[in-house]
Amino acid sequence: MHEESITLLNKAIADEMTAVHQYMYFHFHCDDQSFDLLAGMFKRSAIDEMTHVEDLSERILFLKGEIELKASRAVKNVHDIKSMLEMACQMESDAVKAYNTWANECAKNADSVTKKLFEDLVADEEQHFDQFDTELENIAKFGERYLALQSIERSKNMGAPPAE
């Protein structure tokens, strides 16, 4: 009865798994380049995406479907911070578009709970987009100095005596 919803939920899982992998890759590289704030942002986003996978999986199981835990595509090796943020914005924008479309599909198939799940995901993905877009705006506004400040902050913190 809900085969269409299960198919859409598994497509969403594949996209979310891709986001988890890509954002963790970005996290590792930002951390390696001493960009702690961006590293933390990518890590938190990856954790949010993992929560989405869990929510989508629970819905599939409720609908008596089979969960397909596979990414929709391989991680792209991106090391440039601006390119990472641009890619993240595109991923979030694509997710918003897909989830809105899929929510409408679920409504046509009288599956209001899955529709609401997709609508809730849209709100989360829009929030991620806003965070990544704000960082891109900061880089455009302040240039490389903005990124340098993050590295300097790490250096200061590493050299500080431990808190008592």
# chains A, B, ... in the order shown; residues from 1 in each chain; ligands from 1
call {"tool": "residues_around", "arguments": {"residues": "segment 48-51 of chain A", "least_positions_apart": "6", "cutoff": "12 Å", "atoms": "only C-alpha atoms", "output": "JSON, numbers by chain"}}
result
{"A": [12, 13, 14, 15, 16, 17, 18, 19, 20, 21, 22, 23, 24, 41, 42, 57, 58, 69, 91, 92, 95, 121, 122, 124, 125, 127, 128]}
call {"tool": "write_last_selection", "arguments": {"atoms": "C-alpha atoms", "output": "PDB file, in the first residue's frame"}}
result
ATOM      1  CA  ALA A  12      16.025  10.200   1.220  1.00  0.00           C
ATOM      2  CA  ILE A  13      18.161   7.796   3.281  1.00  0.00           C
ATOM      3  CA  ALA A  14      20.618   7.509   0.379  1.00  0.00           C
ATOM      4  CA  ASP A  15      20.899  11.298   0.152  1.00  0.00           C
ATOM      5  CA  GLU A  16      21.230  11.668   3.927  1.00  0.00           C
ATOM      6  CA  MET A  17      23.949   8.972   4.031  1.00  0.00           C
ATOM      7  CA  THR A  18      25.796  10.876   1.324  1.00  0.00           C
ATOM      8  CA  ALA A  19      25.521  14.060   3.392  1.00  0.00           C
ATOM      9  CA  VAL A  20      26.793  12.282   6.525  1.00  0.00           C
ATOM     10  CA  HIS A  21      29.847  10.996   4.673  1.00  0.00           C
ATOM     11  CA  GLN A  22      30.539  14.275   2.863  1.00  0.00           C
ATOM     12  CA  TYR A  23      30.134  16.438   5.963  1.00  0.00           C
ATOM     13  CA  MET A  24      32.366  14.180   8.046  1.00  0.00           C
ATOM     14  CA  MET A  41      29.614  23.006  12.135  1.00  0.00           C
ATOM     15  CA  PHE A  42      30.178  20.205   9.619  1.00  0.00           C
ATOM     16  CA  SER A  57      14.376   4.280   8.827  1.00  0.00           C
ATOM     17  CA  GLU A  58      11.861   4.127  11.653  1.00  0.00           C
ATOM     18  CA  LEU A  69      21.443   1.924   3.915  1.00  0.00           C
ATOM     19  CA  MET A  91      23.370  19.637  -1.248  1.00  0.00           C
ATOM     20  CA  GLU A  92      20.977  21.299   1.193  1.00  0.00           C
ATOM     21  CA  ALA A  95      17.406  18.189  -0.414  1.00  0.00           C
ATOM     22  CA  LEU A 121      13.202  17.564   7.100  1.00  0.00           C
ATOM     23  CA  VAL A 122      12.756  20.592   4.829  1.00  0.00           C
ATOM     24  CA  ASP A 124      16.107  21.195   9.111  1.00  0.00           C
ATOM     25  CA  GLU A 125      17.766  21.329   5.695  1.00  0.00           C
ATOM     26  CA  GLN A 127      18.523  25.682   8.627  1.00  0.00           C
ATOM     27  CA  HIS A 128      21.687  23.880   7.464  1.00  0.00           C
TER      28      HIS A 128
END
call {"tool": "residues_around", "arguments": {"residues": "His27 of chain A", "least_positions_apart": "5", "cutoff": "7 Å", "atoms": "only C-alpha atoms", "output": "list of chain:residue names"}}
result
A:Ala39, A:Gly40, A:Phe42, A:Lys43
call {"tool": "residues_around", "arguments": {"residues": "Trp102 of chain A", "least_positions_apart": "4", "cutoff": "8 Å", "atoms": "only C-alpha atoms", "output": "list in words"}}
result
Leu8, Ala98, Cys106, Lys115 and Phe118 of chain A
call {"tool": "write_last_selection", "arguments": {"atoms": "N, CA and C atoms", "output": "short mmCIF file (atom, residue, chain, number, x, y, z; two decimals), in the first residue's frame"}}
result
data_model
loop_
_atom_site.label_atom_id
_atom_site.label_comp_id
_atom_site.auth_asym_id
_atom_site.auth_seq_id
_atom_site.Cartn_x
_atom_site.Cartn_y
_atom_site.Cartn_z
N LEU A 8 10.46 6.49 -1.69
CA LEU A 8 10.91 7.87 -1.45
C LEU A 8 11.74 7.97 -0.17
N ALA A 98 13.85 18.27 -3.19
CA ALA A 98 13.38 16.88 -3.25
C ALA A 98 12.35 16.60 -2.17
N CYS A 106 3.58 12.12 -1.21
CA CYS A 106 2.98 11.38 -0.09
C CYS A 106 1.56 11.86 0.20
N LYS A 115 4.43 12.48 4.79
CA LYS A 115 4.41 13.86 4.28
C LYS A 115 4.96 14.82 5.34
N PHE A 118 8.74 14.49 5.78
CA PHE A 118 9.48 15.23 4.74
C PHE A 118 9.42 16.73 4.97
#
call {"tool": "residues_around", "arguments": {"residues": "segment 136-149 of chain A", "least_positions_apart": "3", "cutoff": "10 Å", "atoms": "only C-alpha atoms", "output": "list in words"}}
result
Gln33, Ser34, Phe35, Asp36, Leu37, Leu38, Ile81, Lys82, Ser83, Met84, Leu85, Glu86, Cys89, Asp130, Gln131, Phe132, Asp133, Ile152, Glu153, Arg154 and Ser155 of chain A
call {"tool": "write_last_selection", "arguments": {"atoms": "C-alpha atoms", "output": "PDB file, in the first residue's frame"}}
result
ATOM      1  CA  GLN A  33      43.458  22.960   8.606  1.00  0.00           C
ATOM      2  CA  SER A  34      42.736  24.390  12.096  1.00  0.00           C
ATOM      3  CA  PHE A  35      39.309  25.741  11.170  1.00  0.00           C
ATOM      4  CA  ASP A  36      37.649  24.633  14.402  1.00  0.00           C
ATOM      5  CA  LEU A  37      34.372  26.524  14.010  1.00  0.00           C
ATOM      6  CA  LEU A  38      33.755  25.175  10.522  1.00  0.00           C
ATOM      7  CA  ILE A  81      36.842  25.789   2.356  1.00  0.00           C
ATOM      8  CA  LYS A  82      34.815  27.991   0.017  1.00  0.00           C
ATOM      9  CA  SER A  83      34.195  25.041  -2.305  1.00  0.00           C
ATOM     10  CA  MET A  84      33.143  22.896   0.661  1.00  0.00           C
ATOM     11  CA  LEU A  85      30.578  25.482   1.724  1.00  0.00           C
ATOM     12  CA  GLU A  86      29.297  25.941  -1.839  1.00  0.00           C
ATOM     13  CA  CYS A  89      24.721  24.757   0.144  1.00  0.00           C
ATOM     14  CA  ASP A 130      21.372  29.090   6.170  1.00  0.00           C
ATOM     15  CA  GLN A 131      24.409  28.183   8.296  1.00  0.00           C
ATOM     16  CA  PHE A 132      26.539  27.276   5.272  1.00  0.00           C
ATOM     17  CA  ASP A 133      25.351  30.319   3.321  1.00  0.00           C
ATOM     18  CA  ILE A 152      44.628  31.901  15.285  1.00  0.00           C
ATOM     19  CA  GLU A 153      41.900  31.133  17.830  1.00  0.00           C
ATOM     20  CA  ARG A 154      42.942  27.457  17.848  1.00  0.00           C
ATOM     21  CA  SER A 155      46.576  28.417  18.366  1.00  0.00           C
TER      22      SER A 155
END
call {"tool": "atom_distance", "arguments": {"atom1": "atom CA of Ile67 of chain A", "atom2": "atom CA of Asp55 of chain A"}}
result
11.5 Å
call {"tool": "residues_around", "arguments": {"residues": "Ser93 of chain A", "least_positions_apart": "3", "cutoff": "8 Å", "atoms": "only C-alpha atoms", "output": "PyMOL selection string"}}
result
chain A and resi 89-90+96-97+125-126+129
call {"tool": "closest_residue", "arguments": {"among": "A:Glu135, A:Glu54, A:Asp94, A:Asp80", "to": "Glu68 of chain A", "atoms": "only C-alpha atoms"}}
result
A:Glu54
call {"tool": "select_by_dssp", "arguments": {"residues": "segment 12-155 of chain A", "states": "helix (DSSP H, G or I)", "output": "ChimeraX atom specification"}}
result
/A:12-32,36-62,81-108,112-142,144-155
call {"tool": "residues_around", "arguments": {"residues": "Ile6 of chain A", "least_positions_apart": "3", "cutoff": "6 Å", "atoms": "only C-alpha atoms", "output": "list in words"}}
result
Glu3, Leu9 and Ile60 of chain A
call {"tool": "atom_distance", "arguments": {"atom1": "atom CA of His2 of chain A", "atom2": "atom CA of Thr114 of chain A"}}
result
9.8 Å
call {"tool": "atom_distance", "arguments": {"atom1": "atom CA of Ala71 of chain A", "atom2": "atom CA of Lys11 of chain A"}}
result
9.1 Å
